[in-house]
$ cat data-v4.txt   # compact mmCIF, C-alpha atoms
# COMPACT_ATOMS: atom_id res chain seq x y z
CA MET S 1 -4.01 -14.47 -28.45
CA LEU S 2 -4.69 -17.07 -31.11
CA LYS S 3 -3.75 -16.56 -34.73
CA SER S 4 -6.14 -16.17 -37.65
CA VAL S 5 -8.45 -18.95 -38.78
CA PHE S 6 -6.55 -19.23 -42.04
CA LEU S 7 -3.21 -19.79 -40.34
CA ILE S 8 -4.71 -22.30 -37.90
CA VAL S 9 -6.28 -24.31 -40.71
CA ILE S 10 -3.02 -24.29 -42.67
CA LEU S 11 -1.14 -25.36 -39.54
CA ILE S 12 -3.50 -28.26 -38.87
CA PHE S 13 -3.31 -29.37 -42.50
CA PHE S 14 0.50 -29.15 -42.57
CA ILE S 15 0.93 -31.07 -39.33
CA SER S 16 -1.49 -33.84 -40.31
CA VAL S 17 0.02 -34.28 -43.78
CA PHE S 18 3.59 -34.12 -42.51
CA LEU S 19 3.04 -36.62 -39.72
CA LYS S 20 1.35 -39.08 -42.05
CA ALA S 21 4.09 -38.75 -44.64
CA GLN S 22 7.05 -38.72 -42.26
CA PRO S 23 6.68 -40.10 -38.74
CA LEU S 24 8.80 -38.07 -36.35
CA GLU S 25 12.04 -39.85 -35.52
CA PRO S 26 14.58 -38.72 -32.89
CA SER S 27 18.26 -38.42 -33.81
CA GLU S 28 21.61 -37.84 -32.10
CA THR S 29 20.92 -34.11 -31.97
CA ASN S 30 17.12 -33.88 -31.83
CA ALA S 31 14.99 -35.52 -29.16
CA LEU S 32 11.39 -36.56 -29.71
CA LEU S 33 9.11 -34.89 -27.20
CA ASN S 34 5.66 -36.43 -26.76
CA ILE S 35 3.21 -34.36 -24.73
CA VAL S 36 -0.14 -35.72 -23.58
CA VAL S 37 -2.64 -33.09 -22.45
CA SER S 38 -5.57 -34.06 -20.25
CA SER S 39 -7.91 -32.68 -17.64
CA ILE S 40 -7.10 -33.22 -13.98
CA ASP S 41 -9.32 -36.30 -13.95
CA GLY S 42 -7.57 -37.75 -17.01
CA LYS S 43 -9.89 -36.83 -19.91
CA PRO S 44 -7.87 -36.11 -23.10
CA ARG S 45 -7.94 -32.46 -24.15
CA ALA S 46 -8.20 -32.26 -27.94
CA GLY S 47 -7.66 -29.05 -29.89
CA GLU S 48 -5.31 -27.48 -27.36
CA ILE S 49 -2.66 -25.19 -28.84
CA LEU S 50 0.77 -25.71 -27.26
CA VAL S 51 3.93 -23.68 -27.71
CA LEU S 52 7.41 -24.89 -26.75
CA THR S 53 10.15 -22.23 -26.63
CA GLY S 54 13.83 -22.95 -26.06
CA GLN S 55 15.51 -20.76 -23.47
CA LYS S 56 18.85 -20.88 -25.32
CA ASN S 57 17.95 -21.06 -28.99
CA THR S 58 14.68 -19.05 -28.48
CA LYS S 59 13.03 -21.11 -31.21
CA SER S 60 9.35 -21.95 -30.81
CA TYR S 61 7.56 -25.16 -31.76
CA GLN S 62 3.76 -24.93 -31.96
CA GLY S 63 1.16 -27.61 -32.46
CA ILE S 64 -2.38 -28.74 -31.72
CA THR S 65 -3.32 -31.80 -29.70
CA ASP S 66 -5.19 -34.60 -31.46
CA ILE S 67 -8.35 -36.34 -30.24
CA LYS S 68 -6.24 -38.27 -27.73
CA GLY S 69 -4.68 -35.09 -26.40
CA ARG S 70 -1.29 -35.80 -27.97
CA PHE S 71 1.24 -33.47 -29.52
CA SER S 72 4.75 -34.43 -30.65
CA ALA S 73 7.74 -32.33 -31.70
CA LEU S 74 11.39 -32.82 -32.53
CA VAL S 75 13.48 -30.38 -30.50
CA PRO S 76 17.24 -29.78 -30.35
CA GLU S 77 18.94 -31.33 -27.34
CA GLY S 78 20.82 -29.26 -24.80
CA ASP S 79 18.08 -26.79 -23.97
CA ILE S 80 15.28 -26.11 -21.51
CA TYR S 81 11.88 -25.62 -23.10
CA ASP S 82 9.13 -23.47 -21.65
CA ILE S 83 5.66 -24.95 -22.21
CA LYS S 84 2.71 -22.65 -22.79
CA TYR S 85 -0.87 -23.37 -23.69
CA LYS S 86 -3.34 -20.94 -25.18
CA THR S 87 -6.67 -19.95 -23.67
CA PHE S 88 -9.39 -17.43 -24.51
CA GLU S 89 -7.42 -14.88 -22.52
CA GLY S 90 -3.97 -15.52 -23.95
CA ASP S 91 -0.90 -17.68 -23.26
CA VAL S 92 -0.49 -19.48 -19.93
CA ASN S 93 2.95 -20.53 -18.72
CA TYR S 94 2.78 -24.12 -17.54
CA GLU S 95 6.15 -25.72 -16.84
CA GLN S 96 9.63 -26.36 -18.21
CA ILE S 97 11.15 -29.46 -19.78
CA ASN S 98 14.89 -30.07 -19.64
CA VAL S 99 16.20 -31.87 -22.74
CA PRO S 100 19.88 -32.55 -22.00
CA ALA S 101 22.55 -33.05 -24.65
CA GLN S 102 23.79 -36.62 -24.36
CA GLU S 103 24.91 -39.51 -26.51
CA GLY S 104 22.19 -41.69 -27.92
CA ILE S 105 18.71 -41.27 -29.29
CA TYR S 106 16.04 -40.21 -26.83
CA THR S 107 12.27 -39.89 -26.63
CA TYR S 108 10.64 -38.05 -23.74
CA GLN S 109 7.03 -38.11 -22.62
CA PHE S 110 5.46 -35.32 -20.61
CA ASP S 111 1.96 -35.35 -19.12
CA LEU S 112 0.32 -31.95 -18.96
CA LYS S 113 -2.79 -31.82 -16.78
CA TYR S 114 -4.97 -28.80 -16.23
CA ASP S 115 -8.54 -27.64 -16.00
CA PRO S 116 -8.99 -24.14 -17.44
CA PRO S 117 -11.36 -21.66 -15.79
CA LYS S 118 -15.00 -22.17 -16.63
CA THR S 119 -15.60 -18.44 -17.06
CA TYR S 120 -13.66 -15.99 -19.22
CA THR S 121 -14.19 -12.29 -19.71
CA LEU S 122 -13.94 -11.14 -23.31
CA GLU S 123 -11.90 -8.04 -22.55
CA ASN S 124 -11.86 -6.67 -26.08
CA VAL S 125 -15.53 -6.90 -27.00
CA PHE S 126 -17.11 -3.47 -27.30
CA PHE S 127 -20.60 -2.10 -27.93
CA ASP S 128 -21.91 1.35 -28.78
CA THR S 129 -23.12 3.16 -25.67
CA GLY S 130 -26.58 1.96 -24.66
CA LYS S 131 -26.84 -0.28 -27.72
CA SER S 132 -26.33 -3.93 -28.57
CA SER S 133 -24.47 -3.34 -31.85
CA LEU S 134 -20.91 -4.66 -31.85
CA ARG S 135 -18.13 -2.25 -32.69
CA SER S 136 -15.66 -3.29 -35.36
CA ASP S 137 -12.79 -3.38 -32.87
CA SER S 138 -14.49 -6.42 -31.32
CA ASN S 139 -13.79 -8.57 -34.39
CA LYS S 140 -10.34 -9.77 -33.30
CA ALA S 141 -11.51 -11.14 -29.95
CA LEU S 142 -14.60 -12.75 -31.44
CA ASN S 143 -12.67 -14.28 -34.33
CA ASP S 144 -10.31 -15.78 -31.74
CA LEU S 145 -13.29 -17.24 -29.90
CA ALA S 146 -14.65 -18.73 -33.14
CA GLU S 147 -11.24 -20.30 -33.82
CA VAL S 148 -11.22 -22.01 -30.44
CA MET S 149 -14.68 -23.41 -31.03
CA LYS S 150 -13.67 -24.77 -34.41
CA LEU S 151 -10.66 -26.48 -32.86
CA LYS S 152 -12.85 -27.94 -30.09
CA PRO S 153 -16.02 -29.24 -31.73
CA ALA S 154 -17.38 -30.61 -28.44
CA LEU S 155 -17.18 -27.20 -26.73
CA VAL S 156 -20.55 -25.76 -25.67
CA ILE S 157 -20.67 -22.26 -24.21
CA GLU S 158 -22.96 -19.61 -22.84
CA ILE S 159 -22.44 -15.97 -23.76
CA ALA S 160 -23.31 -13.93 -20.67
CA GLY S 161 -24.04 -10.21 -20.90
CA HIS S 162 -23.63 -7.92 -17.88
CA THR S 163 -24.24 -4.21 -17.29
CA ASP S 164 -23.68 -1.62 -14.59
CA ASN S 165 -26.63 -0.30 -12.57
CA ILE S 166 -27.18 2.88 -14.57
CA GLY S 167 -30.76 2.79 -15.81
CA SER S 168 -33.65 0.58 -14.79
CA ALA S 169 -33.22 -3.09 -13.98
CA PRO S 170 -35.58 -4.25 -16.79
CA SER S 171 -33.80 -2.14 -19.42
CA ASN S 172 -30.40 -3.37 -18.25
CA LEU S 173 -31.61 -6.97 -18.42
CA GLU S 174 -32.86 -6.46 -21.97
CA LEU S 175 -29.68 -4.68 -23.05
CA SER S 176 -27.45 -7.42 -21.64
CA LEU S 177 -29.47 -10.14 -23.39
CA ASN S 178 -29.38 -8.30 -26.70
CA ARG S 179 -25.61 -7.87 -26.43
CA ALA S 180 -25.14 -11.56 -25.65
CA ASN S 181 -27.24 -12.41 -28.69
CA SER S 182 -25.12 -10.11 -30.85
CA VAL S 183 -22.04 -12.13 -29.88
CA LYS S 184 -23.86 -15.41 -30.50
CA ASN S 185 -24.98 -14.23 -33.94
CA PHE S 186 -21.40 -13.25 -34.79
CA LEU S 187 -20.21 -16.77 -33.95
CA VAL S 188 -23.02 -18.41 -35.92
CA LYS S 189 -22.09 -16.32 -38.97
CA LYS S 190 -18.54 -17.62 -38.58
CA GLY S 191 -19.81 -21.17 -38.94
CA ILE S 192 -20.39 -22.19 -35.33
CA ASN S 193 -23.50 -24.33 -34.87
CA ALA S 194 -26.12 -22.32 -32.97
CA VAL S 195 -26.88 -25.24 -30.64
CA ARG S 196 -23.38 -24.88 -29.21
CA VAL S 197 -23.92 -21.28 -28.12
CA SER S 198 -26.58 -19.98 -25.77
CA ALA S 199 -27.06 -16.33 -24.87
CA LYS S 200 -28.20 -14.99 -21.52
CA GLY S 201 -28.51 -11.52 -20.09
CA TYR S 202 -27.85 -10.89 -16.39
CA GLY S 203 -28.31 -7.14 -16.39
CA ASP S 204 -26.82 -5.57 -13.25
CA THR S 205 -27.49 -8.57 -11.01
CA GLN S 206 -23.91 -9.92 -10.89
CA PRO S 207 -21.53 -6.98 -10.38
CA ARG S 208 -17.87 -7.85 -9.85
CA ALA S 209 -16.95 -4.35 -8.62
CA THR S 210 -18.65 -1.38 -7.02
CA ASN S 211 -21.08 0.65 -9.10
CA ASP S 212 -20.18 3.76 -7.12
CA THR S 213 -17.21 4.62 -9.35
CA GLU S 214 -16.75 4.82 -13.11
CA GLU S 215 -13.90 2.33 -12.88
CA GLY S 216 -16.14 -0.13 -11.08
CA ARG S 217 -19.03 0.37 -13.49
CA GLN S 218 -16.68 -0.25 -16.41
CA LYS S 219 -15.68 -3.62 -14.91
CA ASN S 220 -19.33 -4.52 -14.49
CA ARG S 221 -20.11 -3.78 -18.16
CA ARG S 222 -18.69 -6.98 -19.56
CA THR S 223 -19.28 -9.98 -21.79
CA GLU S 224 -18.31 -13.40 -20.46
CA VAL S 225 -17.91 -16.90 -21.86
CA HIS S 226 -19.20 -19.65 -19.60
CA ILE S 227 -18.00 -23.12 -20.57
CA ILE S 228 -20.96 -25.50 -20.29
CA SER S 229 -19.29 -28.66 -21.55
CA GLU S 230 -16.21 -29.73 -23.50
$ encode --input "data-v4.txt" --output "structure tokens"
Amino acid sequence: MLKSVFLIVILIFFISVFLKAQPLEPSETNALLNIVVSSIDGKPRAGEILVLTGQKNTKSYQGITDIKGRFSALVPEGDIYDIKYKTFEGDVNYEQINVPAQEGIYTYQFDLKYDPPKTYTLENVFFDTGKSSLRSDSNKALNDLAEVMKLKPALVIEIAGHTDNIGSAPSNLELSLNRANSVKNFLVKKGINAVRVSAKGYGDTQPRATNDTEEGRQKNRRTEVHIISE
């Protein structure tokens, strides 16, 4: 998934300073690739992390879209570049861009449109059995979530807690709410404004698998991120 907060901050700083000091200019060997990322209805998507990887040279070029959804990179000509964007759940392959080797100086523009899912399951968030205390092996996933929220200051989410049907419905509802609040508190401690994160417990009311098997119950014990607004 996403890299550490420190590396992201350094990356943003480096890109902003570099672009202000030296505007990207294409050459005979390197094309300028301008990518504009937006929602399906055309709203710019700021804070999106893009990765371009050459199929021949295997080099990767990573950047973050600005408030207008733009990201630019100089890439060697004569290669096909795979475009990926990062989500809460990892990298998503989007499309390929062919940058042919030819005489002259070239600039290419590519419009990338997508609407990510409104609900994500935080697969690597764990709690002690029957408790709402987060285990330490949840830190990586929750740090990644905090990074995304820092990159997207307009993002407002709900943390949704779910349980299986073992135990009473009232106790499951309380447990799921307490677990959702534990995740919210983690994010707030990482610097995320509390008004951007709500917590709600659903108990065992929204199973996504059967509760008749351990495998099904494990799928039902989950923590989700619901995107309220961006």
$ atom_distance --input "data-v4.txt" --atom1 "atom CA of Ser132 of chain S" --atom2 "atom CA of Asn181 of chain S"
8.5 Å
$ closest_residue --input "data-v4.txt" --among "S:Gln206, S:Ser198, S:Gln62, S:Thr87" --to "Val148 of chain S" --atoms "all atoms listed in the file"
S:Thr87
$ closest_residue --input "data-v4.txt" --among "S:Ile83, S:Leu52, S:Leu112, S:Leu175" --to "Ile35 of chain S" --atoms "all atoms listed in the file"
S:Leu112
$ closest_atom_pairs --input "data-v4.txt" --of "segment 57-86 of chain S" --to "segment 94-106 of chain S" --cutoff "6 Å" --atoms "only C-alpha atoms" --output "tab-separated table"
residue	atom	partner	partner_atom	distance
S:Glu77	CA	S:Ala101	CA	4.8
S:Gly78	CA	S:Ala101	CA	4.2
S:Asp79	CA	S:Val99	CA	5.6
S:Ile80	CA	S:Asn98	CA	4.4
S:Tyr81	CA	S:Ile97	CA	5.1
S:Asp82	CA	S:Gln96	CA	4.5
S:Ile83	CA	S:Glu95	CA	5.4
S:Lys84	CA	S:Tyr94	CA	5.5
$ write_last_selection --input "data-v4.txt" --atoms "C-alpha atoms" --output "PDB file, keeping the file's coordinate frame"
ATOM      1  CA  GLU S  77      18.940 -31.330 -27.340  1.00  0.00           C
ATOM      2  CA  GLY S  78      20.820 -29.260 -24.800  1.00  0.00           C
ATOM      3  CA  ASP S  79      18.080 -26.790 -23.970  1.00  0.00           C
ATOM      4  CA  ILE S  80      15.280 -26.110 -21.510  1.00  0.00           C
ATOM      5  CA  TYR S  81      11.880 -25.620 -23.100  1.00  0.00           C
ATOM      6  CA  ASP S  82       9.130 -23.470 -21.650  1.00  0.00           C
ATOM      7  CA  ILE S  83       5.660 -24.950 -22.210  1.00  0.00           C
ATOM      8  CA  LYS S  84       2.710 -22.650 -22.790  1.00  0.00           C
TER       9      LYS S  84
END
$ atom_distance --input "data-v4.txt" --atom1 "atom CA of Asp137 of chain S" --atom2 "atom CA of Ala46 of chain S"
29.7 Å
$ atom_distance --input "data-v4.txt" --atom1 "atom CA of Pro207 of chain S" --atom2 "atom CA of Glu158 of chain S"
17.8 Å
$ residues_near_point --input "data-v4.txt" --point "(-30.3, 3.6, -14.9)" --cutoff "12 Å" --atoms "only C-alpha atoms" --output "PDB file with C-alpha atoms, in the frame of the given file"
ATOM      1  CA  GLY S 130     -26.580   1.960 -24.660  1.00  0.00           C
ATOM      2  CA  THR S 163     -24.240  -4.210 -17.290  1.00  0.00           C
ATOM      3  CA  ASP S 164     -23.680  -1.620 -14.590  1.00  0.00           C
ATOM      4  CA  ASN S 165     -26.630  -0.300 -12.570  1.00  0.00           C
ATOM      5  CA  ILE S 166     -27.180   2.880 -14.570  1.00  0.00           C
ATOM      6  CA  GLY S 167     -30.760   2.790 -15.810  1.00  0.00           C
ATOM      7  CA  SER S 168     -33.650   0.580 -14.790  1.00  0.00           C
ATOM      8  CA  ALA S 169     -33.220  -3.090 -13.980  1.00  0.00           C
ATOM      9  CA  PRO S 170     -35.580  -4.250 -16.790  1.00  0.00           C
ATOM     10  CA  SER S 171     -33.800  -2.140 -19.420  1.00  0.00           C
ATOM     11  CA  ASN S 172     -30.400  -3.370 -18.250  1.00  0.00           C
ATOM     12  CA  LEU S 173     -31.610  -6.970 -18.420  1.00  0.00           C
ATOM     13  CA  LEU S 175     -29.680  -4.680 -23.050  1.00  0.00           C
ATOM     14  CA  GLY S 203     -28.310  -7.140 -16.390  1.00  0.00           C
ATOM     15  CA  ASP S 204     -26.820  -5.570 -13.250  1.00  0.00           C
ATOM     16  CA  ASN S 211     -21.080   0.650  -9.100  1.00  0.00           C
ATOM     17  CA  ARG S 217     -19.030   0.370 -13.490  1.00  0.00           C
TER      18      ARG S 217
END
$ residues_around --input "data-v4.txt" --residues "Pro116 of chain S" --least-positions-apart "6" --cutoff "12 Å" --atoms "all atoms listed in the file" --output "tab-separated table (two decimals) with C-alpha atoms, in the coordinates of the input"
chain	number	residue	atom	x	y	z
S	38	SER	CA	-5.57	-34.06	-20.25
S	39	SER	CA	-7.91	-32.68	-17.64
S	40	ILE	CA	-7.10	-33.22	-13.98
S	45	ARG	CA	-7.94	-32.46	-24.15
S	48	GLU	CA	-5.31	-27.48	-27.36
S	85	TYR	CA	-0.87	-23.37	-23.69
S	86	LYS	CA	-3.34	-20.94	-25.18
S	87	THR	CA	-6.67	-19.95	-23.67
S	88	PHE	CA	-9.39	-17.43	-24.51
S	89	GLU	CA	-7.42	-14.88	-22.52
S	90	GLY	CA	-3.97	-15.52	-23.95
S	91	ASP	CA	-0.90	-17.68	-23.26
S	92	VAL	CA	-0.49	-19.48	-19.93
S	94	TYR	CA	2.78	-24.12	-17.54
S	226	HIS	CA	-19.20	-19.65	-19.60
S	227	ILE	CA	-18.00	-23.12	-20.57
S	229	SER	CA	-19.29	-28.66	-21.55
S	230	GLU	CA	-16.21	-29.73	-23.50
$ closest_residue --input "data-v4.txt" --among "S:Ala146, S:Thr223, S:Arg208, S:Lys152" --to "Lys190 of chain S" --atoms "only C-alpha atoms"
S:Ala146
$ closest_residue --input "data-v4.txt" --among "S:Leu177, S:Thr129, S:Asn185, S:Arg135" --to "Gln218 of chain S" --atoms "only C-alpha atoms"
S:Thr129
$ closest_residue --input "data-v4.txt" --among "S:Asn220, S:Ser182, S:Gln55, S:Thr107" --to "Ser72 of chain S" --atoms "only C-alpha atoms"
S:Thr107
$ axis_aligned_box --input "data-v4.txt" --around "segment 185-189 of chain S" --padding-each-side "4 Å" --output "lines of an AutoDock Vina configuration file"
center_x = -22.6
center_y = -15.8
center_z = -36.5
size_x = 12.8
size_y = 13.2
size_z = 13.0
$ build_atoms --input "data-v4.txt" --residues "segment 116-152 of chain S" --atoms "N, CA and C atoms" --output "compact mmCIF listing (two decimals), in the coordinates of the input"
# COMPACT_ATOMS: atom_id res chain seq x y z
N PRO S 116 -8.93 -25.60 -17.28
CA PRO S 116 -8.99 -24.14 -17.44
C PRO S 116 -10.19 -23.58 -16.69
N PRO S 117 -10.19 -22.28 -16.42
CA PRO S 117 -11.36 -21.66 -15.79
C PRO S 117 -12.62 -21.89 -16.61
N LYS S 118 -13.74 -21.97 -15.95
CA LYS S 118 -15.00 -22.17 -16.63
C LYS S 118 -15.63 -20.86 -17.10
N THR S 119 -15.07 -19.74 -16.66
CA THR S 119 -15.60 -18.44 -17.06
C THR S 119 -14.46 -17.54 -17.51
N TYR S 120 -14.63 -16.94 -18.68
CA TYR S 120 -13.66 -15.99 -19.22
C TYR S 120 -14.37 -14.68 -19.52
N THR S 121 -13.67 -13.59 -19.29
CA THR S 121 -14.19 -12.29 -19.71
C THR S 121 -13.58 -11.92 -21.04
N LEU S 122 -14.42 -11.59 -22.01
CA LEU S 122 -13.94 -11.14 -23.31
C LEU S 122 -13.59 -9.66 -23.19
N GLU S 123 -12.32 -9.39 -22.88
CA GLU S 123 -11.90 -8.04 -22.55
C GLU S 123 -12.03 -7.07 -23.72
N ASN S 124 -11.89 -7.55 -24.92
CA ASN S 124 -11.86 -6.67 -26.08
C ASN S 124 -13.11 -6.77 -26.95
N VAL S 125 -14.25 -6.94 -26.30
CA VAL S 125 -15.53 -6.90 -27.00
C VAL S 125 -16.23 -5.62 -26.58
N PHE S 126 -16.59 -4.81 -27.58
CA PHE S 126 -17.11 -3.47 -27.30
C PHE S 126 -18.44 -3.24 -28.02
N PHE S 127 -19.30 -2.46 -27.37
CA PHE S 127 -20.60 -2.10 -27.93
C PHE S 127 -20.75 -0.57 -27.93
N ASP S 128 -21.56 -0.07 -28.83
CA ASP S 128 -21.91 1.35 -28.78
C ASP S 128 -22.67 1.62 -27.49
N THR S 129 -22.50 2.80 -26.95
CA THR S 129 -23.12 3.16 -25.67
C THR S 129 -24.64 2.97 -25.72
N GLY S 130 -25.14 2.17 -24.76
CA GLY S 130 -26.58 1.96 -24.66
C GLY S 130 -27.18 1.12 -25.75
N LYS S 131 -26.34 0.51 -26.59
CA LYS S 131 -26.84 -0.28 -27.72
C LYS S 131 -26.26 -1.69 -27.67
N SER S 132 -26.81 -2.55 -28.51
CA SER S 132 -26.33 -3.93 -28.57
C SER S 132 -25.50 -4.20 -29.82
N SER S 133 -25.24 -3.16 -30.62
CA SER S 133 -24.47 -3.34 -31.85
C SER S 133 -22.98 -3.43 -31.53
N LEU S 134 -22.34 -4.46 -32.07
CA LEU S 134 -20.91 -4.66 -31.85
C LEU S 134 -20.09 -3.64 -32.62
N ARG S 135 -19.06 -3.12 -31.99
CA ARG S 135 -18.13 -2.25 -32.69
C ARG S 135 -17.12 -3.10 -33.45
N SER S 136 -16.57 -2.53 -34.50
CA SER S 136 -15.66 -3.29 -35.36
C SER S 136 -14.39 -3.72 -34.64
N ASP S 137 -14.00 -2.99 -33.59
CA ASP S 137 -12.79 -3.38 -32.87
C ASP S 137 -13.02 -4.60 -31.97
N SER S 138 -14.22 -5.17 -32.03
CA SER S 138 -14.49 -6.42 -31.32
C SER S 138 -14.16 -7.64 -32.18
N ASN S 139 -13.94 -7.44 -33.47
CA ASN S 139 -13.79 -8.57 -34.39
C ASN S 139 -12.65 -9.50 -34.02
N LYS S 140 -11.52 -8.94 -33.61
CA LYS S 140 -10.34 -9.77 -33.30
C LYS S 140 -10.66 -10.76 -32.18
N ALA S 141 -11.22 -10.26 -31.08
CA ALA S 141 -11.51 -11.14 -29.95
C ALA S 141 -12.55 -12.19 -30.31
N LEU S 142 -13.55 -11.80 -31.09
CA LEU S 142 -14.60 -12.75 -31.44
C LEU S 142 -14.14 -13.75 -32.49
N ASN S 143 -13.26 -13.33 -33.39
CA ASN S 143 -12.67 -14.28 -34.33
C ASN S 143 -11.82 -15.31 -33.58
N ASP S 144 -11.09 -14.86 -32.56
CA ASP S 144 -10.31 -15.78 -31.74
C ASP S 144 -11.21 -16.81 -31.06
N LEU S 145 -12.34 -16.34 -30.55
CA LEU S 145 -13.29 -17.24 -29.90
C LEU S 145 -13.83 -18.26 -30.90
N ALA S 146 -14.16 -17.81 -32.10
CA ALA S 146 -14.65 -18.73 -33.14
C ALA S 146 -13.59 -19.76 -33.49
N GLU S 147 -12.32 -19.36 -33.52
CA GLU S 147 -11.24 -20.30 -33.82
C GLU S 147 -11.18 -21.40 -32.78
N VAL S 148 -11.27 -21.02 -31.52
CA VAL S 148 -11.22 -22.01 -30.44
C VAL S 148 -12.35 -23.00 -30.59
N MET S 149 -13.54 -22.52 -30.91
CA MET S 149 -14.68 -23.41 -31.03
C MET S 149 -14.56 -24.34 -32.23
N LYS S 150 -13.89 -23.89 -33.27
CA LYS S 150 -13.67 -24.77 -34.41
C LYS S 150 -12.64 -25.85 -34.09
N LEU S 151 -11.67 -25.51 -33.26
CA LEU S 151 -10.66 -26.48 -32.86
C LEU S 151 -11.22 -27.49 -31.86
N LYS S 152 -12.27 -27.08 -31.12
CA LYS S 152 -12.85 -27.94 -30.09
C LYS S 152 -14.33 -28.15 -30.40
